[in-house]
$ cat upload02.cif   # mmCIF, C-alpha atoms
data_input
loop_
_atom_site.label_atom_id
_atom_site.label_comp_id
_atom_site.auth_asym_id
_atom_site.auth_seq_id
_atom_site.Cartn_x
_atom_site.Cartn_y
_atom_site.Cartn_z
CA MET A 23 113.88 130.26 91.19
CA LYS A 24 114.69 126.62 90.59
CA THR A 25 112.64 126.53 87.44
CA LEU A 26 114.52 129.51 86.06
CA ALA A 27 117.85 127.78 86.57
CA LYS A 28 116.58 124.73 84.69
CA VAL A 29 115.55 126.87 81.81
CA VAL A 30 118.95 128.47 81.65
CA VAL A 31 120.71 125.13 81.63
CA MET A 32 118.50 123.83 78.83
CA ALA A 33 119.04 126.91 76.80
CA GLY A 34 122.73 126.47 77.24
CA CYS A 35 122.55 122.92 76.02
CA THR A 36 120.64 123.98 72.99
CA ALA A 37 123.19 126.65 72.23
CA LEU A 38 125.95 124.09 72.51
CA ALA A 39 124.19 121.76 70.14
CA TRP A 40 123.77 124.58 67.67
CA ALA A 41 127.42 125.46 67.89
CA ALA A 42 128.40 121.85 67.26
CA GLY A 43 125.97 121.68 64.38
CA ALA A 44 127.40 124.81 62.84
CA GLY A 45 130.91 123.46 63.19
CA VAL A 46 130.04 120.27 61.36
CA SER A 47 128.32 122.02 58.50
CA GLN A 48 131.19 124.47 58.10
CA ALA A 49 133.60 121.60 57.74
CA ALA A 50 131.36 120.04 55.13
CA THR A 51 131.16 123.30 53.22
CA ALA A 52 134.93 123.70 53.23
CA THR A 53 135.40 120.19 51.83
CA ALA A 54 132.86 120.78 49.11
CA ALA A 55 134.50 124.04 48.08
CA THR A 56 137.78 122.35 47.20
CA SER A 57 136.18 120.35 44.42
CA ALA A 58 133.58 122.87 43.29
CA THR A 59 133.53 124.13 39.73
CA VAL A 60 132.37 127.70 39.51
CA VAL A 61 130.44 128.27 36.33
CA LEU A 62 129.22 131.71 35.45
CA PRO A 63 125.66 131.38 34.29
CA VAL A 64 124.64 132.95 31.04
CA THR A 65 122.66 136.11 31.61
CA ILE A 66 120.57 137.90 29.03
CA THR A 67 118.88 141.24 29.62
CA LYS A 68 116.92 143.20 27.09
CA THR A 69 118.02 146.81 26.78
CA ILE A 70 116.14 148.01 23.67
CA ASP A 71 112.82 146.82 22.22
CA LEU A 72 112.51 145.55 18.69
CA ASN A 73 110.58 148.21 16.81
CA PHE A 74 109.63 147.95 13.15
CA GLY A 75 109.00 151.67 13.01
CA ARG A 76 106.05 153.26 11.28
CA PHE A 77 104.94 152.28 7.83
CA MET A 78 101.80 151.96 5.74
CA SER A 79 100.27 148.75 4.50
CA GLY A 80 98.72 148.66 1.06
CA GLY A 81 96.40 146.68 -1.17
CA THR A 82 99.05 143.99 -1.58
CA GLY A 83 101.18 142.30 1.05
CA GLY A 84 104.80 143.11 1.75
CA THR A 85 107.51 143.01 4.34
CA VAL A 86 109.18 145.37 6.75
CA VAL A 87 112.80 144.65 7.57
CA VAL A 88 114.75 146.07 10.48
CA SER A 89 118.50 145.54 10.21
CA THR A 90 120.78 144.89 13.18
CA ALA A 91 121.78 148.57 12.86
CA GLY A 92 118.12 149.56 13.27
CA ALA A 93 117.56 150.65 9.66
CA GLN A 94 114.06 150.05 8.28
CA SER A 95 113.38 148.92 4.71
CA VAL A 96 110.19 147.73 3.03
CA THR A 97 109.17 145.50 0.11
CA GLY A 98 105.94 144.78 -1.79
CA GLY A 99 102.84 146.79 -1.02
CA VAL A 100 104.28 148.29 2.16
CA THR A 101 105.37 151.91 1.87
CA THR A 102 107.34 154.16 4.16
CA THR A 103 109.20 157.44 4.31
CA ALA A 104 112.44 158.36 6.02
CA ALA A 105 110.49 160.08 8.78
CA LEU A 106 108.20 157.10 9.34
CA GLY A 107 111.08 154.64 9.21
CA GLY A 108 113.24 156.68 11.55
CA THR A 109 111.45 155.31 14.58
CA ALA A 110 112.63 151.74 13.91
CA THR A 111 115.10 150.16 16.31
CA ALA A 112 116.84 146.81 16.42
CA ALA A 113 116.41 144.88 19.66
CA ALA A 114 119.41 144.94 21.94
CA PHE A 115 120.32 142.44 24.62
CA THR A 116 123.16 142.50 27.09
CA ILE A 117 124.66 139.05 27.31
CA SER A 118 127.43 137.62 29.44
CA GLY A 119 128.82 134.26 30.49
CA GLU A 120 131.99 132.33 31.26
CA PRO A 121 134.82 134.31 29.58
CA ALA A 122 136.38 132.72 26.45
CA SER A 123 133.60 130.11 26.31
CA THR A 124 131.62 129.54 23.15
CA TYR A 125 127.89 130.02 22.86
CA ALA A 126 125.33 130.16 20.10
CA ILE A 127 122.02 131.95 20.19
CA THR A 128 119.14 130.65 18.12
CA PHE A 129 115.91 132.23 17.02
CA PRO A 130 112.86 130.52 15.55
CA ASN A 131 112.54 130.38 11.75
CA THR A 132 109.20 132.16 11.92
CA THR A 133 106.78 133.09 14.67
CA ASN A 134 103.11 133.93 14.29
CA LEU A 135 101.75 137.13 15.74
CA ILE A 136 98.07 136.60 16.39
CA ASN A 137 95.18 139.00 16.71
CA GLY A 138 92.00 136.92 16.87
CA ALA A 139 91.54 135.36 13.43
CA ASN A 140 94.22 137.58 11.85
CA ASN A 141 97.92 136.95 11.91
CA MET A 142 101.27 138.22 10.71
CA THR A 143 104.60 136.42 10.77
CA ILE A 144 107.94 137.56 12.05
CA GLY A 145 111.11 135.77 11.02
CA THR A 146 114.55 135.93 9.34
CA PHE A 147 116.19 137.06 12.56
CA THR A 148 119.64 138.59 12.11
CA THR A 149 122.17 139.20 14.85
CA ALA A 150 125.27 141.28 15.39
CA SER A 151 127.45 141.54 18.44
CA THR A 152 129.84 144.06 19.93
CA GLY A 153 131.84 141.08 21.18
CA THR A 154 133.31 138.43 18.95
CA LEU A 155 132.18 135.36 17.14
CA ASN A 156 130.00 133.49 19.58
CA THR A 157 132.56 133.71 22.38
CA PHE A 158 131.95 135.38 25.71
CA GLY A 159 134.40 138.13 26.52
CA ALA A 160 135.56 139.27 29.93
CA ALA A 161 132.92 142.02 29.84
CA ALA A 162 129.26 141.79 28.91
CA GLU A 163 128.54 142.35 25.24
CA THR A 164 125.59 143.77 23.39
CA LEU A 165 123.74 141.58 20.95
CA THR A 166 121.56 143.43 18.44
CA VAL A 167 118.74 141.62 16.69
CA GLY A 168 116.92 142.55 13.51
CA ALA A 169 113.97 140.76 11.90
CA THR A 170 111.52 140.72 9.02
CA LEU A 171 107.80 141.27 9.49
CA ALA A 172 105.47 139.94 6.80
CA VAL A 173 102.41 142.18 6.43
CA GLY A 174 99.33 140.99 4.57
CA ALA A 175 97.22 142.97 2.10
CA ASN A 176 95.08 145.44 4.05
CA GLN A 177 96.25 143.87 7.30
CA ALA A 178 93.54 144.23 9.92
CA SER A 179 94.20 146.67 12.74
CA GLY A 180 94.46 145.68 16.39
CA THR A 181 97.01 144.31 18.79
CA TYR A 182 99.01 141.30 17.62
CA ILE A 183 100.52 139.05 20.26
CA GLY A 184 103.33 136.56 19.80
CA THR A 185 106.18 134.77 21.53
CA ILE A 186 109.72 134.42 20.23
CA ASP A 187 111.60 131.46 21.64
CA VAL A 188 115.22 132.50 21.94
CA ALA A 189 117.69 129.89 23.15
CA VAL A 190 121.25 130.06 24.42
CA ASN A 191 122.88 126.85 23.24
CA TYR A 192 125.89 125.24 24.87
CA ASN A 193 128.29 123.18 22.74
CA MET B 22 101.53 163.46 22.08
CA LYS B 23 101.76 160.00 20.59
CA LEU B 24 98.02 159.75 20.12
CA LEU B 25 97.91 163.13 18.41
CA LEU B 26 100.56 162.02 15.97
CA ILE B 27 98.66 158.84 15.12
CA LYS B 28 95.51 160.79 14.42
CA SER B 29 97.23 163.32 12.20
CA MET B 30 98.82 160.52 10.25
CA ILE B 31 95.50 158.83 9.68
CA SER B 32 93.93 161.97 8.34
CA MET B 33 96.97 162.53 6.18
CA VAL B 34 96.89 159.11 4.60
CA THR B 35 93.38 157.99 4.03
CA ALA B 36 93.85 155.37 1.35
CA ALA B 37 96.41 153.24 3.10
CA GLN B 38 96.27 151.77 6.51
CA VAL B 39 98.65 153.23 9.02
CA ILE B 40 100.62 150.67 10.89
CA LEU B 41 102.51 151.54 13.96
CA GLY B 42 105.17 149.07 14.78
CA ILE B 43 105.43 149.51 18.50
CA PRO B 44 106.06 146.02 19.72
CA THR B 45 106.62 146.06 23.41
CA MET B 46 109.00 143.14 23.30
CA THR B 47 109.14 141.80 26.80
CA VAL B 48 112.11 139.56 27.51
CA VAL B 49 111.22 136.78 29.84
CA ALA B 50 114.71 136.13 31.10
CA ALA B 51 115.18 132.48 31.81
CA ASP B 52 116.38 133.18 35.35
CA LEU B 53 117.59 129.67 35.18
CA MET B 54 120.84 127.97 36.00
CA VAL B 55 121.63 124.60 34.50
CA TYR B 56 124.51 122.36 35.53
CA PRO B 57 126.26 120.52 33.98
CA THR B 58 125.94 122.15 30.57
CA ARG B 59 126.75 118.97 28.68
CA VAL B 60 125.88 115.30 29.18
CA VAL B 61 127.69 112.29 27.70
CA LEU B 62 126.16 108.83 28.17
CA THR B 63 127.86 105.59 27.20
CA ASP B 64 127.14 101.85 27.33
CA ARG B 65 128.70 101.80 30.80
CA GLN B 66 127.44 105.14 32.06
CA ARG B 67 123.76 105.03 31.18
CA THR B 68 122.37 107.54 33.62
CA ALA B 69 123.07 111.18 34.34
CA GLN B 70 121.58 114.05 36.26
CA VAL B 71 121.21 117.70 35.38
CA ASP B 72 120.32 120.19 38.09
CA ILE B 73 118.28 123.26 37.37
CA ILE B 74 117.84 126.17 39.76
CA ASN B 75 115.38 129.02 39.55
CA SER B 76 117.67 132.01 40.03
CA GLY B 77 114.87 134.55 39.61
CA ALA B 78 112.88 136.33 42.28
CA ALA B 79 109.53 134.73 41.47
CA GLN B 80 108.10 131.24 41.27
CA ALA B 81 108.41 129.92 37.73
CA THR B 82 107.46 126.89 35.69
CA TYR B 83 109.99 125.47 33.26
CA LYS B 84 109.36 123.09 30.40
CA ILE B 85 112.02 120.59 29.45
CA ALA B 86 112.08 119.15 25.95
CA MET B 87 114.47 117.16 23.78
CA VAL B 88 115.07 118.91 20.45
CA ARG B 89 117.12 118.14 17.35
CA LYS B 90 119.76 120.63 16.33
CA ARG B 91 122.46 120.72 13.70
CA MET B 92 125.66 122.71 14.01
CA THR B 93 127.05 124.78 11.16
CA GLU B 94 130.77 125.03 10.41
CA ALA B 95 130.80 128.40 12.15
CA GLY B 96 129.32 126.94 15.33
CA ASP B 97 125.76 128.18 14.97
CA PHE B 98 122.82 125.88 15.60
CA GLN B 99 119.94 125.20 13.27
CA GLU B 100 116.69 123.38 13.83
CA VAL B 101 116.53 120.00 12.13
CA THR B 102 113.36 119.44 10.16
CA THR B 103 114.66 116.81 7.71
CA PRO B 104 117.50 114.61 8.98
CA GLU B 105 120.59 114.49 6.76
CA LYS B 106 122.72 111.48 5.97
CA GLY B 107 124.70 110.29 8.99
CA GLU B 108 122.72 112.28 11.55
CA LYS B 109 121.71 110.19 14.56
CA PHE B 110 119.46 111.69 17.22
CA ALA B 111 119.32 110.82 20.88
CA ASN B 112 115.69 111.68 21.52
CA GLU B 113 114.58 108.16 20.62
CA VAL B 114 117.06 106.35 22.89
CA VAL B 115 117.36 108.77 25.80
CA LYS B 116 114.55 109.23 28.31
CA PHE B 117 114.32 111.98 30.88
CA SER B 118 112.02 113.16 33.61
CA PRO B 119 110.40 115.32 34.78
CA ARG B 120 109.30 117.29 31.72
CA GLN B 121 107.93 120.23 33.62
CA VAL B 122 108.88 121.67 36.99
CA THR B 123 107.60 124.53 39.08
CA LEU B 124 110.29 126.05 41.25
CA LEU B 125 110.21 128.59 44.03
CA PRO B 126 112.85 131.34 43.92
CA GLY B 127 116.17 129.64 44.66
CA GLY B 128 114.53 126.23 44.37
CA GLY B 129 116.14 123.42 42.42
CA GLN B 130 115.22 120.18 40.74
CA THR B 131 117.23 117.25 39.44
CA ILE B 132 116.40 116.04 35.94
CA ARG B 133 117.16 112.34 35.53
CA ILE B 134 118.43 111.21 32.15
CA MET B 135 118.63 107.59 31.03
CA PHE B 136 120.16 105.90 27.97
CA LYS B 137 117.82 103.03 26.97
CA ILE B 138 119.74 100.90 24.52
CA PRO B 139 117.51 98.81 22.23
CA PRO B 140 119.09 95.41 21.37
CA GLU B 141 119.47 96.21 17.67
CA LEU B 142 120.90 99.72 18.13
CA GLU B 143 123.54 100.55 15.56
CA PRO B 144 126.90 101.59 17.07
CA GLY B 145 127.53 105.30 16.88
CA GLU B 146 126.97 108.62 18.54
CA TYR B 147 123.42 109.82 19.07
CA ARG B 148 122.79 113.43 20.00
CA SER B 149 119.88 115.71 20.82
CA HIS B 150 119.66 118.84 22.94
CA LEU B 151 117.77 119.29 26.18
CA LEU B 152 115.94 122.61 25.98
CA PHE B 153 114.84 124.39 29.15
CA THR B 154 112.28 127.13 28.59
CA ARG B 155 110.19 129.09 30.96
CA ALA B 156 106.53 128.31 30.38
CA ALA B 157 104.68 131.32 29.05
CA PRO B 158 102.66 133.11 31.71
CA ALA B 159 99.02 132.09 31.73
CA VAL B 160 97.81 135.64 31.20
CA VAL B 161 99.43 137.37 28.27
CA ASN B 162 99.51 141.14 28.60
CA LEU B 163 96.05 142.23 27.66
CA PRO B 164 95.89 145.24 25.37
CA GLU B 165 94.90 148.36 27.19
CA LYS B 166 91.75 150.15 26.17
CA GLU B 167 93.53 153.11 24.62
CA ASP B 168 95.56 150.78 22.42
CA GLU B 169 92.52 149.96 20.35
CA GLU B 170 92.97 152.84 17.98
CA PRO B 171 91.15 152.25 14.67
CA GLY B 172 93.52 151.71 11.76
CA VAL B 173 96.50 151.07 13.97
CA ILE B 174 98.34 147.81 14.37
CA ARG B 175 100.29 147.17 17.50
CA MET B 176 102.48 144.24 18.32
CA ASN B 177 103.11 142.72 21.67
CA ILE B 178 105.98 140.28 21.43
CA VAL B 179 107.40 138.25 24.27
CA ALA B 180 110.96 136.99 23.81
CA ASN B 181 111.18 133.84 25.85
CA VAL B 182 114.80 133.00 26.58
CA GLY B 183 115.75 129.39 27.17
CA ILE B 184 118.89 127.29 27.57
CA SER B 185 119.87 124.18 25.63
CA ILE B 186 122.56 121.64 26.46
CA PRO B 187 123.74 118.71 24.33
CA ILE B 188 122.82 115.17 25.37
CA ILE B 189 125.19 112.71 23.75
CA ALA B 190 124.69 108.94 23.84
CA ARG B 191 127.56 106.76 22.61
CA HIS B 192 127.01 103.11 21.73
CA GLY B 193 129.84 100.73 20.88
CA GLN B 194 133.58 101.31 20.56
CA LEU B 195 133.96 104.79 19.13
CA GLN B 196 137.04 106.84 18.42
CA ALA B 197 137.89 110.29 17.16
CA GLY B 198 140.82 112.29 15.92
CA ALA B 199 141.28 115.95 15.14
CA THR B 200 143.67 118.12 13.17
CA ILE B 201 144.19 121.84 12.74
CA ASP B 202 144.72 122.91 9.15
CA PRO B 203 147.94 125.02 9.17
CA ALA B 204 147.01 126.68 5.86
CA SER B 205 143.76 128.00 7.37
CA VAL B 206 145.37 130.06 10.14
CA THR B 207 144.69 133.77 9.69
CA LEU B 208 144.98 136.84 11.86
CA ARG B 209 142.37 139.56 11.47
CA GLN B 210 141.96 142.94 13.05
CA PRO B 211 138.25 143.75 13.10
CA GLY B 212 138.56 146.50 15.69
CA GLU B 213 141.31 148.96 16.51
CA LYS B 214 142.46 147.05 19.55
CA GLN B 215 141.05 143.61 18.99
CA GLN B 216 142.74 140.84 17.06
CA VAL B 217 141.07 137.60 16.06
CA LEU B 218 142.96 134.43 15.29
CA SER B 219 140.94 132.04 13.16
CA PHE B 220 141.59 128.56 11.85
CA THR B 221 139.84 125.41 10.71
CA MET B 222 139.64 122.26 12.80
CA LEU B 223 138.91 118.91 11.21
CA ARG B 224 137.41 115.84 12.87
CA THR B 225 137.72 112.19 11.92
CA GLY B 226 136.31 109.03 13.46
CA THR B 227 132.98 107.88 14.84
CA ARG B 228 132.39 110.22 17.77
CA SER B 229 132.32 113.97 18.34
CA VAL B 230 135.11 115.95 19.96
CA TYR B 231 134.78 118.69 22.56
CA GLY B 232 137.46 120.74 24.19
CA ASP B 233 139.51 123.88 24.45
CA VAL B 234 141.85 125.60 22.04
CA ALA B 235 144.89 127.63 22.93
CA ALA B 236 147.49 129.58 20.97
CA TYR B 237 151.08 129.81 22.22
CA ARG B 238 153.94 132.06 21.16
CA GLY B 239 157.00 130.37 22.60
CA GLN B 240 155.96 129.38 26.11
CA ASP B 241 153.35 132.14 26.46
CA LYS B 242 149.69 131.40 26.01
CA VAL B 243 148.48 134.33 23.91
CA ALA B 244 144.86 133.36 23.32
CA GLU B 245 142.36 130.70 24.24
CA GLY B 246 138.83 129.59 23.51
CA ARG B 247 136.83 127.16 25.59
CA GLY B 248 134.10 124.69 24.80
CA PHE B 249 134.39 123.99 21.08
CA ALA B 250 132.63 120.92 19.75
CA ILE B 251 132.69 119.23 16.37
CA TYR B 252 129.65 116.99 16.32
CA THR B 253 129.04 113.95 14.19
CA PRO B 254 128.57 113.79 11.24
CA ASN B 255 130.31 117.19 10.83
CA THR B 256 134.00 117.11 9.99
CA VAL B 257 134.77 120.83 9.91
CA ARG B 258 134.59 123.60 12.51
CA LYS B 259 135.76 127.12 11.93
CA VAL B 260 137.25 128.42 15.16
CA ALA B 261 137.94 132.04 15.99
CA ILE B 262 139.52 133.21 19.23
CA VAL B 263 140.16 136.70 20.50
CA VAL B 264 143.75 137.77 21.15
CA PRO B 265 143.87 140.14 24.14
CA GLU B 266 145.56 143.49 23.59
CA HIS B 267 148.51 142.73 25.87
CA SER B 268 149.61 139.74 23.78
CA ARG B 269 149.17 141.31 20.35
CA LEU B 270 150.37 139.11 17.50
CA ARG B 271 152.31 140.22 14.44
CA SER B 272 152.83 138.81 10.98
CA GLY B 273 155.85 136.50 11.05
CA ASP B 274 155.24 135.35 14.64
CA ASN B 275 155.59 131.63 15.21
CA VAL B 276 152.38 130.40 16.78
CA ARG B 277 151.55 126.94 18.09
CA LEU B 278 147.87 125.99 18.13
CA VAL B 279 146.66 123.26 20.44
CA PHE B 280 143.29 121.55 20.82
CA THR B 281 142.80 119.48 23.98
CA GLU B 282 139.71 117.48 24.82
CA ARG B 283 138.09 118.15 28.18
CA ASP B 284 139.58 116.15 31.05
CA GLU B 285 142.52 115.08 28.86
CA LYS B 286 146.09 116.29 29.27
CA LYS B 287 147.52 115.20 25.93
CA PRO B 288 146.50 117.47 23.03
CA LEU B 289 144.33 115.85 20.36
CA ALA B 290 145.51 118.24 17.67
CA GLU B 291 148.53 120.48 17.43
CA THR B 292 150.08 122.60 14.70
CA SER B 293 152.77 125.26 14.40
CA VAL B 294 152.59 128.06 11.87
CA VAL B 295 154.34 131.28 10.97
CA LEU B 296 151.60 133.91 10.79
CA PRO B 297 151.10 135.23 7.25
#
$ encode --input "upload02.cif" --output "structure tokens"
Amino acid sequence: MKTLAKVVVMAGCTALAWAAGAGVSQAATATAATSATVVLPVTITKTIDLNFGRFMSGGTGGTVVVSTAGAQSVTGGVTTTAALGGTATAAAFTISGEPASTYAITFPNTTNLINGANNMTIGTFTTASTGTLNTFGAAAETLTVGATLAVGANQASGTYIGTIDVAVNYN
Amino acid sequence: MKLLLIKSMISMVTAAQVILGIPTMTVVAADLMVYPTRVVLTDRQRTAQVDIINSGAAQATYKIAMVRKRMTEAGDFQEVTTPEKGEKFANEVVKFSPRQVTLLPGGGQTIRIMFKIPPELEPGEYRSHLLFTRAAPAVVNLPEKEDEEPGVIRMNIVANVGISIPIIARHGQLQAGATIDPASVTLRQPGEKQQVLSFTMLRTGTRSVYGDVAAYRGQDKVAEGRGFAIYTPNTVRKVAIVVPEHSRLRSGDNVRLVFTERDEKKPLAETSVVLP
């Protein structure tokens, strides 16, 4: 019976200490909040994949271009038809940040896509935005990205893997 | 269905190779918060800290590197491969650590930045950009068995999104001025509702300028744009700000344009124009 009482008293003390602790930290939080700068982080989400569509490689090299509107065109030894090219899509990202703030998105000049000893390059990235001129709006905007794929003569089949380093650059 | 189509195409076109562009472009969102988003070091203030936080739901490793970038007149960035006249880079005089961090979800790390001034350093503004990228996962998506279709090329592209912030190191007594060219002010209407006010800002002096622009009609602020920089050695920046629908501007309106540097009250540049 005595032991139980002791336990209760100790528990009470602990609770008191907790309460005091909470009070102190709340005060600290309130002070910090008065001088805090709230910055909306930049968020980027992919909504549509970049797709060069279907096409045929030939005896000589060439390129496949996807515009920011998702239209496919070819040069050199690469051939296509309207039906084959119809599957092409530009990449689309949803991007948002601090309203009215400037931003700039950069893409690499060229990136290698590698399949064992074979490779292709992807480059000449083009961008278009539903928002305006490298400035975040109040609502999220959609950034569409096109690119050019360089295809070699009789490019070997297989799966090509590559990484594109995209950066959001603050002024 | 897809496989059937591929096969019929191959039989249809025997001479040429059929290429299927089906890149599964995976975006590795940075899931990264960086603060502050700009660092200025001087002879008196030689150290700074930048905090990064993993805002994603998984543990991630981030690489931190100092890169050289050049800004175009329109505000886009380009990689610098060959330095141009007057360009001074901070990567040789600014040290930082750590260069790689592994963070738990919600975990943070402070990056320490230090301006090491060599005795013979020429006065001026030195700038590079600190680039935070998520390290590529160790195992890249392996192609599935059924992907290995003869005569078919597939692409598996990972878009790795990073964040870069300018690191500016100023040595010596530097000064800067700015003006807004009144003749450059134009009002465009790219969309039905949206109006864009554009103008050219000019920089003089030995350091860069960074701040906010605002357009006033009378006492009313009709449009603003935040965080515009004109870096050295650039002297020109084309600025464009969106005019919200409720403060629509008209030809003949008298508009006052103001550029104010961050943490300053007095405008650095100011001009009044009657819209053409």
$ resolve_selection --input "upload02.cif" --expression "the PyMOL selection byres ((chain B and resi 218-233) around 7)" --output "PDB file with C-alpha atoms, in the frame of the given file"
ATOM      1  CA  GLY B 145     127.530 105.300  16.880  1.00  0.00           C
ATOM      2  CA  GLU B 146     126.970 108.620  18.540  1.00  0.00           C
ATOM      3  CA  LEU B 195     133.960 104.790  19.130  1.00  0.00           C
ATOM      4  CA  GLN B 196     137.040 106.840  18.420  1.00  0.00           C
ATOM      5  CA  ALA B 197     137.890 110.290  17.160  1.00  0.00           C
ATOM      6  CA  GLY B 198     140.820 112.290  15.920  1.00  0.00           C
ATOM      7  CA  ALA B 199     141.280 115.950  15.140  1.00  0.00           C
ATOM      8  CA  THR B 200     143.670 118.120  13.170  1.00  0.00           C
ATOM      9  CA  ILE B 201     144.190 121.840  12.740  1.00  0.00           C
ATOM     10  CA  ASP B 202     144.720 122.910   9.150  1.00  0.00           C
ATOM     11  CA  SER B 205     143.760 128.000   7.370  1.00  0.00           C
ATOM     12  CA  VAL B 206     145.370 130.060  10.140  1.00  0.00           C
ATOM     13  CA  THR B 207     144.690 133.770   9.690  1.00  0.00           C
ATOM     14  CA  LEU B 208     144.980 136.840  11.860  1.00  0.00           C
ATOM     15  CA  ARG B 209     142.370 139.560  11.470  1.00  0.00           C
ATOM     16  CA  GLN B 216     142.740 140.840  17.060  1.00  0.00           C
ATOM     17  CA  VAL B 217     141.070 137.600  16.060  1.00  0.00           C
ATOM     18  CA  VAL B 234     141.850 125.600  22.040  1.00  0.00           C
ATOM     19  CA  ALA B 235     144.890 127.630  22.930  1.00  0.00           C
ATOM     20  CA  GLY B 246     138.830 129.590  23.510  1.00  0.00           C
ATOM     21  CA  ARG B 247     136.830 127.160  25.590  1.00  0.00           C
ATOM     22  CA  GLY B 248     134.100 124.690  24.800  1.00  0.00           C
ATOM     23  CA  PHE B 249     134.390 123.990  21.080  1.00  0.00           C
ATOM     24  CA  ALA B 250     132.630 120.920  19.750  1.00  0.00           C
ATOM     25  CA  ILE B 251     132.690 119.230  16.370  1.00  0.00           C
ATOM     26  CA  TYR B 252     129.650 116.990  16.320  1.00  0.00           C
ATOM     27  CA  THR B 253     129.040 113.950  14.190  1.00  0.00           C
ATOM     28  CA  THR B 256     134.000 117.110   9.990  1.00  0.00           C
ATOM     29  CA  VAL B 257     134.770 120.830   9.910  1.00  0.00           C
ATOM     30  CA  ARG B 258     134.590 123.600  12.510  1.00  0.00           C
ATOM     31  CA  LYS B 259     135.760 127.120  11.930  1.00  0.00           C
ATOM     32  CA  VAL B 260     137.250 128.420  15.160  1.00  0.00           C
ATOM     33  CA  ALA B 261     137.940 132.040  15.990  1.00  0.00           C
ATOM     34  CA  ILE B 262     139.520 133.210  19.230  1.00  0.00           C
ATOM     35  CA  VAL B 263     140.160 136.700  20.500  1.00  0.00           C
ATOM     36  CA  VAL B 264     143.750 137.770  21.150  1.00  0.00           C
ATOM     37  CA  PHE B 280     143.290 121.550  20.820  1.00  0.00           C
ATOM     38  CA  THR B 281     142.800 119.480  23.980  1.00  0.00           C
ATOM     39  CA  GLU B 282     139.710 117.480  24.820  1.00  0.00           C
ATOM     40  CA  ARG B 283     138.090 118.150  28.180  1.00  0.00           C
TER      41      ARG B 283
END
$ closest_residue --input "upload02.cif" --among "A:Gly98, A:Pro130, A:Gly83, A:Gly138" --to "chain B" --atoms "all atoms listed in the file"
A:Pro130
$ interface_residues --input "upload02.cif" --of "chain A" --to "chain B" --cutoff "9 Å" --atoms "all atoms listed in the file" --output "number ranges by chain"
A: 61, 63-68, 70-81, 109-110, 113, 121-131, 135, 154-157, 159, 176-193
$ write_last_selection --input "upload02.cif" --atoms "C-alpha atoms" --output "CSV table (one decimal), in the coordinates of the input"
chain,number,residue,atom,x,y,z
A,61,VAL,CA,130.4,128.3,36.3
A,63,PRO,CA,125.7,131.4,34.3
A,64,VAL,CA,124.6,133.0,31.0
A,65,THR,CA,122.7,136.1,31.6
A,66,ILE,CA,120.6,137.9,29.0
A,67,THR,CA,118.9,141.2,29.6
A,68,LYS,CA,116.9,143.2,27.1
A,70,ILE,CA,116.1,148.0,23.7
A,71,ASP,CA,112.8,146.8,22.2
A,72,LEU,CA,112.5,145.6,18.7
A,73,ASN,CA,110.6,148.2,16.8
A,74,PHE,CA,109.6,148.0,13.2
A,75,GLY,CA,109.0,151.7,13.0
A,76,ARG,CA,106.0,153.3,11.3
A,77,PHE,CA,104.9,152.3,7.8
A,78,MET,CA,101.8,152.0,5.7
A,79,SER,CA,100.3,148.8,4.5
A,80,GLY,CA,98.7,148.7,1.1
A,81,GLY,CA,96.4,146.7,-1.2
A,109,THR,CA,111.4,155.3,14.6
A,110,ALA,CA,112.6,151.7,13.9
A,113,ALA,CA,116.4,144.9,19.7
A,121,PRO,CA,134.8,134.3,29.6
A,122,ALA,CA,136.4,132.7,26.4
A,123,SER,CA,133.6,130.1,26.3
A,124,THR,CA,131.6,129.5,23.2
A,125,TYR,CA,127.9,130.0,22.9
A,126,ALA,CA,125.3,130.2,20.1
A,127,ILE,CA,122.0,132.0,20.2
A,128,THR,CA,119.1,130.6,18.1
A,129,PHE,CA,115.9,132.2,17.0
A,130,PRO,CA,112.9,130.5,15.6
A,131,ASN,CA,112.5,130.4,11.8
A,135,LEU,CA,101.8,137.1,15.7
A,154,THR,CA,133.3,138.4,19.0
A,155,LEU,CA,132.2,135.4,17.1
A,156,ASN,CA,130.0,133.5,19.6
A,157,THR,CA,132.6,133.7,22.4
A,159,GLY,CA,134.4,138.1,26.5
A,176,ASN,CA,95.1,145.4,4.0
A,177,GLN,CA,96.2,143.9,7.3
A,178,ALA,CA,93.5,144.2,9.9
A,179,SER,CA,94.2,146.7,12.7
A,180,GLY,CA,94.5,145.7,16.4
A,181,THR,CA,97.0,144.3,18.8
A,182,TYR,CA,99.0,141.3,17.6
A,183,ILE,CA,100.5,139.0,20.3
A,184,GLY,CA,103.3,136.6,19.8
A,185,THR,CA,106.2,134.8,21.5
A,186,ILE,CA,109.7,134.4,20.2
A,187,ASP,CA,111.6,131.5,21.6
A,188,VAL,CA,115.2,132.5,21.9
A,189,ALA,CA,117.7,129.9,23.2
A,190,VAL,CA,121.2,130.1,24.4
A,191,ASN,CA,122.9,126.8,23.2
A,192,TYR,CA,125.9,125.2,24.9
A,193,ASN,CA,128.3,123.2,22.7
$ resolve_selection --input "upload02.cif" --expression "the PyMOL selection byres ((chain B and resi 108) around 8)" --output "list in words"
Pro104, Glu105, Lys106, Gly107, Lys109, Phe110, Tyr147, Thr253 and Pro254 of chain B
$ closest_residue --input "upload02.cif" --among "B:Leu270, B:His192, B:Arg238, B:Pro119" --to "Glu141 of chain B" --atoms "only C-alpha atoms"
B:His192
$ atom_distance --input "upload02.cif" --atom1 "atom CA of Thr93 of chain B" --atom2 "atom CA of Leu278 of chain B"
22.0 Å
